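Listing of coords_36.txt, compact mmCIF, C-alpha atoms
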```
# COMPACT_ATOMS: atom_id res chain seq x y z
CA MET A 1 -22.62 -16.26 -30.95
CA ARG A 2 -25.83 -16.11 -28.91
CA VAL A 3 -26.01 -14.52 -25.48
CA GLY A 4 -25.81 -17.95 -23.80
CA GLU A 5 -22.44 -18.67 -25.36
CA LEU A 6 -21.21 -15.15 -24.56
CA SER A 7 -22.15 -15.90 -20.93
CA ARG A 8 -20.31 -19.25 -20.94
CA ARG A 9 -17.20 -17.74 -22.57
CA THR A 10 -16.92 -14.92 -20.00
CA GLY A 11 -18.49 -16.34 -16.84
CA VAL A 12 -20.92 -13.40 -16.72
CA SER A 13 -24.59 -14.31 -16.26
CA VAL A 14 -27.14 -13.53 -19.01
CA PRO A 15 -29.13 -11.05 -16.83
CA THR A 16 -25.89 -9.19 -16.00
CA ILE A 17 -24.94 -9.06 -19.70
CA LYS A 18 -28.38 -7.58 -20.47
CA TYR A 19 -27.94 -5.05 -17.67
CA TYR A 20 -24.57 -3.93 -19.11
CA VAL A 21 -26.17 -3.52 -22.57
CA ARG A 22 -28.96 -1.38 -21.07
CA GLU A 23 -26.38 0.71 -19.16
CA GLY A 24 -24.31 1.24 -22.33
CA LEU A 25 -21.22 -0.65 -21.12
CA LEU A 26 -21.59 -3.25 -23.87
CA PRO A 27 -22.75 -2.51 -27.44
CA THR A 28 -26.05 -4.09 -28.51
CA GLY A 29 -25.59 -7.34 -30.42
CA GLU A 30 -26.64 -7.57 -34.06
CA LEU A 31 -30.30 -8.63 -34.24
CA SER A 32 -30.56 -11.92 -36.11
CA SER A 33 -34.30 -12.12 -35.40
CA PRO A 34 -36.64 -9.77 -33.49
CA ASN A 35 -35.85 -11.55 -30.20
CA GLN A 36 -32.32 -12.72 -30.72
CA ALA A 37 -29.05 -10.81 -30.86
CA ARG A 38 -25.70 -12.11 -32.07
CA TYR A 39 -22.44 -11.22 -30.34
CA ASP A 40 -18.84 -11.46 -31.55
CA GLU A 41 -15.27 -11.44 -30.23
CA ALA A 42 -15.39 -7.68 -29.63
CA HIS A 43 -18.20 -8.31 -27.11
CA VAL A 44 -16.16 -11.01 -25.36
CA ARG A 45 -13.24 -8.62 -25.02
CA ARG A 46 -15.35 -5.69 -23.85
CA LEU A 47 -17.13 -7.85 -21.29
CA ARG A 48 -13.80 -9.07 -19.90
CA LEU A 49 -12.63 -5.46 -19.65
CA VAL A 50 -15.79 -4.41 -17.78
CA ARG A 51 -15.50 -7.35 -15.36
CA ALA A 52 -11.81 -6.65 -14.67
CA LEU A 53 -12.56 -3.00 -13.91
CA ILE A 54 -15.41 -4.00 -11.56
CA ASP A 55 -13.99 -7.14 -9.90
CA VAL A 56 -10.34 -6.22 -9.51
CA GLY A 57 -10.35 -2.44 -9.96
CA GLY A 58 -13.46 -1.78 -7.86
CA LEU A 59 -14.83 0.81 -10.33
CA SER A 60 -18.53 1.67 -10.38
CA VAL A 61 -20.71 1.11 -13.44
CA ALA A 62 -21.02 4.91 -13.83
CA ALA A 63 -17.22 5.41 -13.73
CA ILE A 64 -16.67 2.63 -16.29
CA LYS A 65 -19.25 4.21 -18.60
CA ASP A 66 -17.41 7.55 -18.51
CA VAL A 67 -14.01 5.93 -19.08
CA LEU A 68 -15.32 3.88 -22.04
CA GLU A 69 -16.84 6.99 -23.62
CA ALA A 70 -13.44 8.69 -23.51
CA VAL A 71 -11.76 5.55 -24.91
CA GLU A 72 -14.20 5.42 -27.83
CA ASP A 73 -14.00 9.09 -28.81
CA PRO A 74 -11.66 8.98 -31.84
CA GLY A 75 -11.20 12.78 -31.73
CA ARG A 76 -9.22 12.63 -28.49
CA SER A 77 -5.47 12.15 -28.37
CA VAL A 78 -4.10 9.26 -26.32
CA HIS A 79 -2.73 11.76 -23.82
CA ALA A 80 -6.20 13.38 -23.48
CA VAL A 81 -7.89 10.00 -23.00
CA LEU A 82 -5.39 9.14 -20.27
CA GLY A 83 -6.33 12.42 -18.57
CA ALA A 84 -10.05 11.61 -18.81
CA ALA A 85 -9.43 8.08 -17.54
CA HIS A 86 -7.41 9.41 -14.60
CA ASP A 87 -10.29 11.70 -13.65
CA HIS A 88 -12.46 8.65 -13.15
CA ILE A 89 -9.96 6.27 -11.66
CA ALA A 90 -8.26 8.63 -9.23
CA PRO A 91 -7.54 7.20 -5.81
CA ARG A 92 -10.07 8.18 -3.17
CA GLN A 93 -10.15 11.75 -1.94
CA GLY A 94 -11.57 13.17 1.23
CA GLY A 95 -10.99 14.78 4.59
CA PRO A 96 -11.61 18.23 6.04
CA GLU A 97 -10.36 21.53 4.58
CA ASP A 98 -7.91 22.65 7.23
CA ALA A 99 -4.35 23.90 7.73
CA ALA A 100 -3.00 20.36 7.28
CA ARG A 101 -4.59 20.19 3.82
CA ASP A 102 -3.23 23.59 2.80
CA ALA A 103 0.29 22.59 3.88
CA ALA A 104 -0.03 19.24 2.06
CA ARG A 105 -1.11 21.01 -1.15
CA ARG A 106 1.97 23.23 -1.01
CA ARG A 107 4.15 20.19 -0.44
CA VAL A 108 2.69 18.47 -3.51
CA THR A 109 3.24 21.56 -5.68
CA GLU A 110 6.86 21.68 -4.50
CA LEU A 111 7.34 17.97 -5.17
CA ILE A 112 6.00 18.30 -8.74
CA ALA A 113 8.32 21.28 -9.37
CA ARG A 114 11.34 19.51 -7.82
CA ARG A 115 10.74 16.41 -9.92
CA GLY A 116 10.18 18.49 -13.06
CA TRP A 117 6.96 16.60 -13.76
CA GLU A 118 4.87 18.06 -16.59
CA VAL A 119 1.53 17.87 -14.77
CA ASP A 120 -1.17 20.29 -13.81
CA ASP A 121 -1.65 21.01 -10.08
CA ALA A 122 -5.37 20.47 -10.66
CA ASN A 123 -4.78 16.83 -11.66
CA PRO A 124 -7.00 14.64 -9.45
CA ALA A 125 -3.97 12.58 -8.45
CA ALA A 126 -2.32 15.73 -7.06
CA ARG A 127 -5.44 16.27 -4.94
CA SER A 128 -5.56 12.68 -3.70
CA LEU A 129 -1.86 12.83 -2.85
CA ALA A 130 -2.41 16.03 -0.84
CA ASP A 131 -5.39 14.42 0.94
CA ALA A 132 -3.30 11.39 1.93
CA LEU A 133 -0.39 13.55 3.14
CA ALA A 134 -2.82 15.75 5.10
CA ALA A 135 -4.33 12.67 6.77
CA LEU A 136 -0.83 11.47 7.70
CA SER A 137 0.01 14.91 9.10
CA ARG A 138 -3.17 14.99 11.24
CA LEU A 139 -2.10 11.64 12.70
CA GLY A 140 1.30 13.02 13.69
CA HIS A 141 3.09 11.51 10.69
CA ASP A 142 4.52 14.70 9.16
CA ARG A 143 7.80 12.82 9.22
CA PHE A 144 6.53 10.49 6.47
CA ALA A 145 6.65 13.27 3.86
CA GLU A 146 10.15 14.20 5.01
CA VAL A 147 11.59 10.71 5.25
CA SER A 148 9.75 8.49 2.76
CA LEU A 149 8.12 10.63 0.07
CA GLU A 150 11.17 10.85 -2.23
CA ALA A 151 11.70 7.08 -2.13
CA TYR A 152 8.03 6.63 -3.06
CA ALA A 153 8.41 9.14 -5.91
CA ASP A 154 11.55 7.35 -7.20
CA ALA A 155 9.68 4.04 -7.21
CA ALA A 156 6.60 5.63 -8.84
CA GLU A 157 8.74 7.09 -11.63
CA ARG A 158 10.24 3.71 -12.31
CA VAL A 159 6.82 2.02 -12.46
CA ALA A 160 5.37 4.83 -14.64
CA GLU A 161 8.25 4.53 -17.14
CA THR A 162 7.55 0.80 -17.35
CA ASP A 163 3.81 1.47 -17.80
CA VAL A 164 4.23 3.99 -20.59
CA ALA A 165 6.83 1.85 -22.39
CA TYR A 166 4.48 -1.14 -22.14
CA VAL A 167 1.54 0.74 -23.57
CA ALA A 168 3.60 2.52 -26.26
CA SER A 169 4.61 -0.86 -27.69
CA GLU A 170 0.99 -1.43 -28.77
CA VAL A 171 0.36 -0.53 -32.40
CA ALA A 172 -3.34 0.27 -32.74
CA ARG A 173 -4.78 3.37 -31.04
CA GLU A 174 -7.60 1.43 -29.34
CA ASP A 175 -5.08 -1.05 -27.92
CA VAL A 176 -2.95 1.82 -26.55
CA VAL A 177 -5.93 3.41 -24.86
CA GLU A 178 -7.40 0.19 -23.50
CA GLY A 179 -3.97 -0.90 -22.30
CA ALA A 180 -3.51 2.40 -20.47
CA VAL A 181 -6.85 2.14 -18.68
CA VAL A 182 -6.34 -1.50 -17.76
CA GLY A 183 -2.75 -0.89 -16.72
CA THR A 184 -3.66 2.03 -14.50
CA VAL A 185 -6.46 0.23 -12.66
CA LEU A 186 -4.98 -3.26 -12.46
CA GLY A 187 -1.45 -1.92 -12.01
CA ASP A 188 -2.55 -0.29 -8.74
CA VAL A 189 -3.69 -3.66 -7.45
CA VAL A 190 -0.53 -5.40 -8.70
CA PHE A 191 1.70 -2.85 -6.98
CA ALA A 192 -0.28 -2.72 -3.71
CA SER A 193 -0.18 -6.54 -3.53
CA LEU A 194 3.56 -6.67 -4.20
CA ARG A 195 4.16 -3.96 -1.60
CA ARG A 196 2.28 -6.04 1.01
CA LEU A 197 4.30 -9.16 0.19
CA ALA A 198 7.58 -7.25 0.32
CA GLN A 199 6.50 -5.64 3.62
CA VAL A 200 5.83 -9.03 5.19
CA ASP A 201 9.27 -10.17 4.04
CA ALA A 202 11.02 -7.01 5.31
CA SER A 203 9.09 -7.10 8.59
CA SER A 204 9.98 -10.76 9.20
CA ARG A 205 13.64 -9.69 8.97
CA THR A 206 13.17 -6.60 11.20
CA TYR A 207 10.93 -7.62 14.09
CA ASP A 208 12.17 -10.23 16.43
CA PRO A 209 9.32 -12.24 18.01
CA GLU A 210 11.58 -12.92 21.05
CA ARG A 211 11.43 -9.23 21.90
CA GLY A 212 7.62 -9.52 21.82
CA TRP A 213 7.58 -7.60 18.54
CA MET B 1 -13.36 17.83 26.72
CA ARG B 2 -17.03 17.43 25.91
CA VAL B 3 -18.31 15.79 22.75
CA GLY B 4 -18.91 19.22 21.14
CA GLU B 5 -15.25 20.15 21.44
CA LEU B 6 -14.16 16.70 20.22
CA SER B 7 -16.36 17.34 17.18
CA ARG B 8 -14.82 20.79 16.56
CA ARG B 9 -11.27 19.50 16.99
CA THR B 10 -11.70 16.66 14.48
CA GLY B 11 -14.36 17.97 12.08
CA VAL B 12 -16.48 14.87 12.77
CA SER B 13 -20.16 15.55 13.60
CA VAL B 14 -21.56 14.65 17.05
CA PRO B 15 -24.02 12.04 15.67
CA THR B 16 -21.16 10.38 13.76
CA ILE B 17 -18.99 10.33 16.91
CA LYS B 18 -21.84 8.66 18.80
CA TYR B 19 -22.24 6.14 15.99
CA TYR B 20 -18.53 5.24 16.18
CA VAL B 21 -18.81 4.79 19.96
CA ARG B 22 -21.80 2.45 19.49
CA GLU B 23 -19.91 0.49 16.80
CA GLY B 24 -16.86 0.14 19.04
CA LEU B 25 -14.48 2.20 16.87
CA LEU B 26 -14.04 4.79 19.61
CA PRO B 27 -13.84 4.03 23.36
CA THR B 28 -16.65 5.41 25.51
CA GLY B 29 -15.77 8.72 27.18
CA GLU B 30 -15.50 8.92 30.98
CA LEU B 31 -18.93 9.72 32.41
CA SER B 32 -18.75 13.04 34.30
CA SER B 33 -22.51 12.98 34.91
CA PRO B 34 -25.20 10.47 33.89
CA ASN B 35 -25.73 12.26 30.54
CA GLN B 36 -22.31 13.67 29.85
CA ALA B 37 -19.07 11.97 28.83
CA ARG B 38 -15.59 13.49 28.81
CA TYR B 39 -13.08 12.78 26.08
CA ASP B 40 -9.30 13.23 25.94
CA GLU B 41 -6.41 13.42 23.47
CA ALA B 42 -6.51 9.66 22.92
CA HIS B 43 -10.03 10.09 21.55
CA VAL B 44 -8.90 12.88 19.21
CA ARG B 45 -6.14 10.68 17.87
CA ARG B 46 -8.34 7.61 17.47
CA LEU B 47 -11.04 9.62 15.71
CA ARG B 48 -8.47 11.02 13.25
CA LEU B 49 -7.23 7.49 12.58
CA VAL B 50 -10.76 6.23 11.93
CA ARG B 51 -11.52 9.14 9.58
CA ALA B 52 -8.27 8.67 7.66
CA LEU B 53 -9.01 4.97 7.18
CA ILE B 54 -12.54 5.77 5.95
CA ASP B 55 -11.98 8.97 3.94
CA VAL B 56 -8.65 8.28 2.30
CA GLY B 57 -8.28 4.52 2.70
CA GLY B 58 -11.86 3.64 1.80
CA LEU B 59 -12.13 1.00 4.55
CA SER B 60 -15.54 -0.11 5.86
CA VAL B 61 -16.55 0.35 9.50
CA ALA B 62 -16.46 -3.45 9.92
CA ALA B 63 -12.91 -3.71 8.51
CA ILE B 64 -11.68 -0.88 10.76
CA LYS B 65 -13.20 -2.58 13.79
CA ASP B 66 -11.31 -5.80 13.04
CA VAL B 67 -8.03 -3.95 12.43
CA LEU B 68 -8.36 -1.97 15.68
CA GLU B 69 -9.03 -5.15 17.64
CA ALA B 70 -5.78 -6.63 16.35
CA VAL B 71 -3.91 -3.38 17.12
CA GLU B 72 -5.19 -3.37 20.69
CA ASP B 73 -4.43 -6.99 21.50
CA PRO B 74 -1.19 -6.71 23.52
CA GLY B 75 -0.58 -10.46 23.21
CA ARG B 76 0.15 -10.24 19.51
CA SER B 77 3.58 -9.55 18.08
CA VAL B 78 3.96 -6.60 15.70
CA HIS B 79 4.53 -9.06 12.87
CA ALA B 80 1.29 -10.88 13.76
CA VAL B 81 -0.67 -7.61 13.93
CA LEU B 82 0.66 -6.66 10.50
CA GLY B 83 -0.60 -9.99 9.23
CA ALA B 84 -4.04 -9.40 10.74
CA ALA B 85 -4.14 -5.86 9.35
CA HIS B 86 -3.17 -7.11 5.90
CA ASP B 87 -6.06 -9.59 5.99
CA HIS B 88 -8.47 -6.67 6.29
CA ILE B 89 -6.78 -4.15 4.05
CA ALA B 90 -5.91 -6.44 1.17
CA PRO B 91 -6.50 -5.01 -2.29
CA ARG B 92 -9.74 -6.17 -3.90
CA GLN B 93 -10.03 -9.73 -5.04
CA GLY B 94 -12.38 -11.29 -7.54
CA GLY B 95 -12.92 -12.90 -10.88
CA PRO B 96 -13.79 -16.41 -12.08
CA GLU B 97 -11.92 -19.59 -11.17
CA ASP B 98 -10.45 -20.60 -14.52
CA ALA B 99 -7.23 -21.64 -16.25
CA ALA B 100 -6.02 -18.00 -16.25
CA ARG B 101 -6.31 -17.89 -12.45
CA ASP B 102 -4.49 -21.20 -12.02
CA ALA B 103 -1.64 -19.99 -14.23
CA ALA B 104 -1.50 -16.64 -12.38
CA ARG B 105 -1.27 -18.44 -9.02
CA ARG B 106 1.67 -20.48 -10.24
CA ARG B 107 3.32 -17.31 -11.51
CA VAL B 108 2.92 -15.65 -8.09
CA THR B 109 4.38 -18.68 -6.29
CA GLU B 110 7.37 -18.59 -8.67
CA LEU B 111 7.83 -14.84 -8.17
CA ILE B 112 7.85 -15.21 -4.36
CA ALA B 113 10.42 -18.03 -4.60
CA ARG B 114 12.59 -16.10 -7.09
CA ARG B 115 12.58 -13.02 -4.87
CA GLY B 116 13.30 -15.10 -1.77
CA TRP B 117 10.39 -13.42 0.03
CA GLU B 118 9.51 -14.95 3.40
CA VAL B 119 5.75 -15.00 2.86
CA ASP B 120 3.04 -17.59 2.86
CA ASP B 121 1.34 -18.38 -0.48
CA ALA B 122 -1.97 -18.06 1.38
CA ASN B 123 -1.31 -14.38 2.14
CA PRO B 124 -4.30 -12.34 0.88
CA ALA B 125 -1.93 -10.11 -1.09
CA ALA B 126 -0.68 -13.18 -2.99
CA ARG B 127 -4.30 -13.94 -3.89
CA SER B 128 -5.09 -10.37 -4.99
CA LEU B 129 -1.90 -10.30 -7.08
CA ALA B 130 -2.91 -13.55 -8.79
CA ASP B 131 -6.41 -12.14 -9.42
CA ALA B 132 -5.01 -9.00 -11.05
CA LEU B 133 -2.57 -11.00 -13.21
CA ALA B 134 -5.38 -13.37 -14.21
CA ALA B 135 -7.58 -10.41 -15.23
CA LEU B 136 -4.70 -8.99 -17.31
CA SER B 137 -4.18 -12.38 -18.95
CA ARG B 138 -7.89 -12.70 -19.85
CA LEU B 139 -7.62 -9.29 -21.57
CA GLY B 140 -4.70 -10.47 -23.70
CA HIS B 141 -2.07 -8.85 -21.49
CA ASP B 142 -0.01 -11.92 -20.60
CA ARG B 143 2.94 -9.83 -21.77
CA PHE B 144 2.55 -7.56 -18.70
CA ALA B 145 3.74 -10.28 -16.34
CA GLU B 146 6.67 -11.04 -18.65
CA VAL B 147 7.73 -7.44 -19.32
CA SER B 148 6.74 -5.33 -16.32
CA LEU B 149 6.29 -7.54 -13.26
CA GLU B 150 9.95 -7.54 -12.19
CA ALA B 151 10.17 -3.73 -12.41
CA TYR B 152 7.05 -3.51 -10.25
CA ALA B 153 8.53 -5.95 -7.75
CA ASP B 154 11.82 -3.98 -7.61
CA ALA B 155 9.87 -0.77 -6.90
CA ALA B 156 7.67 -2.53 -4.33
CA GLU B 157 10.73 -3.83 -2.49
CA ARG B 158 12.16 -0.34 -2.32
CA VAL B 159 8.92 1.12 -0.95
CA ALA B 160 8.50 -1.74 1.54
CA GLU B 161 12.04 -1.25 2.88
CA THR B 162 11.23 2.45 3.37
CA ASP B 163 7.94 1.54 5.08
CA VAL B 164 9.46 -0.92 7.52
CA ALA B 165 12.38 1.40 8.32
CA TYR B 166 9.92 4.24 8.95
CA VAL B 167 7.78 2.21 11.30
CA ALA B 168 10.74 0.59 13.06
CA SER B 169 11.98 4.06 14.09
CA GLU B 170 8.94 4.39 16.38
CA VAL B 171 9.68 3.49 19.97
CA ALA B 172 6.38 2.47 21.58
CA ARG B 173 4.66 -0.72 20.46
CA GLU B 174 1.29 1.01 19.88
CA ASP B 175 2.98 3.61 17.67
CA VAL B 176 4.68 0.90 15.63
CA VAL B 177 1.40 -0.90 15.08
CA GLU B 178 -0.64 2.20 14.34
CA GLY B 179 2.07 3.48 12.03
CA ALA B 180 2.08 0.20 10.13
CA VAL B 181 -1.69 0.23 9.62
CA VAL B 182 -1.77 3.89 8.62
CA GLY B 183 1.27 3.50 6.39
CA THR B 184 -0.16 0.49 4.59
CA VAL B 185 -3.53 2.10 3.87
CA LEU B 186 -2.45 5.68 3.18
CA GLY B 187 0.80 4.56 1.53
CA ASP B 188 -1.27 2.80 -1.16
CA VAL B 189 -2.99 6.10 -1.94
CA VAL B 190 0.29 8.03 -1.86
CA PHE B 191 1.93 5.60 -4.27
CA ALA B 192 -1.06 5.32 -6.64
CA SER B 193 -1.27 9.13 -6.80
CA LEU B 194 2.46 9.51 -7.48
CA ARG B 195 2.28 6.81 -10.16
CA ARG B 196 -0.53 8.74 -11.93
CA LEU B 197 1.46 11.98 -11.83
CA ALA B 198 4.62 10.28 -13.11
CA GLN B 199 2.55 8.56 -15.84
CA VAL B 200 1.16 11.90 -17.04
CA ASP B 201 4.70 13.25 -17.17
CA ALA B 202 6.09 10.19 -18.99
CA SER B 203 3.14 10.13 -21.39
CA SER B 204 3.54 13.84 -22.22
CA ARG B 205 7.10 12.99 -23.32
CA THR B 206 6.08 9.86 -25.25
CA TYR B 207 2.90 10.72 -27.15
CA ASP B 208 3.07 13.40 -29.76
CA PRO B 209 -0.29 15.22 -30.16
CA GLU B 210 0.72 16.05 -33.76
CA ARG B 211 0.55 12.35 -34.58
CA GLY B 212 -3.00 12.34 -33.21
CA TRP B 213 -1.75 10.44 -30.14
```

Represent the structure contained in this file as structure tokens.
Amino acid sequence: MRVGELSRRTGVSVPTIKYYVREGLLPTGELSSPNQARYDEAHVRRLRLVRALIDVGGLSVAAIKDVLEAVEDPGRSVHAVLGAAHDHIAPRQGGPEDAARDAARRRVTELIARRGWEVDDANPAARSLADALAALSRLGHDRFAEVSLEAYADAAERVAETDVAYVASEVAREDVVEGAVVGTVLGDVVFASLRRLAQVDASSRTYDPERGW
Amino acid sequence: MRVGELSRRTGVSVPTIKYYVREGLLPTGELSSPNQARYDEAHVRRLRLVRALIDVGGLSVAAIKDVLEAVEDPGRSVHAVLGAAHDHIAPRQGGPEDAARDAARRRVTELIARRGWEVDDANPAARSLADALAALSRLGHDRFAEVSLEAYADAAERVAETDVAYVASEVAREDVVEGAVVGTVLGDVVFASLRRLAQVDASSRTYDPERGW
């Protein structure tokens, strides 16, 4: 198909498609004449993946480029690609280096050991978890890690088992890898949205407007 | 304390503190002389809240301003403030208006009814959930909603119950509201990080590097 049809099929404008080709997010189409390239179903699929990662996942063009390079490297194992993808789609990290951060890092190391999780302390998700716990601690919410962290970890294990079982049911290597990337990014949004909805429901049962709450 | 000590206590630079005061994120200090303002513990706490929402939560200055206005309006019930906060800290939304989106919206409405959740279909989280499911569907992952959505919803209910119980144990109204905002934003990061760690663990048990996976 020509670029105009690719645009109609995906809802992505022609200038944006050309920008993605220049940035290496989308392979060049096959040249059918010096000024005209032809695209196929693989381009449609790739373009939908890029738009999902940008629109719903909030990833930058640079992060998507890195993730796609890892996906397309046939020498990497699925587990290694997941690691590379996680490096680029880690939750946000930040905050000062202080005693709260040191204590939060120790807490994360202990949690990983207690759960028996086979993960490296240097995993970016371990860092983002420590950053979030440190921020909670600075705000006087040390109690969160004591009261709620295990329930979060139980729920996260359940979701992760579902994720890995979902992806493992794919047959082709590229489907496994693409599914893992998509599932990680879009799964965050799915879970955060469901958590909000369930919070509204739980809060409507907990707070009584007659008390002014 | 003077602005220099407020800066040392929180790790936020003096120009940034002044910027937050101008933007209305931080109340003006009490003027002790025409050129010098004094700050107190309430400023330390507010500044830590603002930094956590920016650094870890990734919120914009404009979004934080709106959330803080809702928090500080004593006329609003806790449930109403949660609603206002959710409007500003909804997961990302986006993607084309197409048949996939229409089908995803119907699926979300059915899920809410099936779960018996007391929430409005117009809740921003219902929209972001539909957007994520629509993006998955466009990528050929309709199966996700069939296979994994209920497990996600079970886990989300468990986390939301924990969240509401945690916040409800606060006594003062302003602590309840602040705790809810902090817990929603930082809780997303905590859960997403834990999910990544549990995924790495589950994937290390599922994929055998000897198979090239």

Check your understanding: Which is closest to Arg127 in chain B among A:Ser193, A:Leu47, A:Asn35, A:Tyr19, if we use all atoms listed in the file?
Key ->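 Result for the nearest residue to Arg127 in chain B: A:Ser193.
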
Review point. What residues in chain A lie within 6 Å of chain B, counting only C-alpha atoms, written as a PyMOL selection string?
Key: chain A and resi 52+55-56+77-78+92-95+117-118+125+129+132+135+152+155-157+159-160+186+190+193-195+198-199+201+212-213

Check your understanding: What is the CA of Ala37 in chain A to CA of Val50 in chain A distance in Å?
Key ->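 Atom-to-atom, CA of Ala37 in chain A and CA of Val50 in chain A are spaced 19.7 Å apart.
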
Point to revise | Long-range neighbours of range 5-7 of chain A as a PyMOL selection string, 8 Å cut-off, only C-alpha atoms, 6 positions minimum in chain | key: chain A and resi 13-14+17+39+43-44

Let's have the selection written as a short mmCIF file (atom, residue, chain, number, x, y, z; two decimals), in the frame of the given file, with C-alpha atoms.
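Done, and the output landed in part.cif:
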```cif
data_model
loop_
_atom_site.label_atom_id
_atom_site.label_comp_id
_atom_site.auth_asym_id
_atom_site.auth_seq_id
_atom_site.Cartn_x
_atom_site.Cartn_y
_atom_site.Cartn_z
CA SER A 13 -24.59 -14.31 -16.26
CA VAL A 14 -27.14 -13.53 -19.01
CA ILE A 17 -24.94 -9.06 -19.70
CA TYR A 39 -22.44 -11.22 -30.34
CA HIS A 43 -18.20 -8.31 -27.11
CA VAL A 44 -16.16 -11.01 -25.36
#
```

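CA of Arg38 in chain B lies 15.7 Å from CA of Pro15 in chain B.
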
Review point. How many Å lie between CA of Asp87 in chain B and CA of Asp66 in chain B, rounded to one decimal?
Key: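 If I compute the distance from CA of Asp87 in chain B to CA of Asp66 in chain B, I get 9.6 Å.
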
Centre and edges of the range 35-53 of chain B box, axis-aligned, 6 Å extra per side, as AutoDock Vina command-line options:
```
--center_x -15.9 --center_y 9.3 --center_z 18.9 --size_x 31.6 --size_y 20.7 --size_z 35.4
```

Give as a CSV table (one decimal) with C-alpha atoms, in the coordinates of the input each residue that has an atom at most 8 Å from (-23.6, 14.8, 31.0) in the file, counting all atoms listed in the file.
```csv
chain,number,residue,atom,x,y,z
B,31,LEU,CA,-18.9,9.7,32.4
B,32,SER,CA,-18.8,13.0,34.3
B,33,SER,CA,-22.5,13.0,34.9
B,34,PRO,CA,-25.2,10.5,33.9
B,35,ASN,CA,-25.7,12.3,30.5
B,36,GLN,CA,-22.3,13.7,29.8
B,37,ALA,CA,-19.1,12.0,28.8
```

Exercise for review: Determine the nearest neighbour of Arg9 in chain A from the options A:Thr109, A:Leu68, A:Ala145, A:Glu41, counting only C-alpha atoms.
Suggested key: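 Nearest candidate to Arg9 in chain A out of A:Thr109, A:Leu68, A:Ala145, A:Glu41: A:Glu41.
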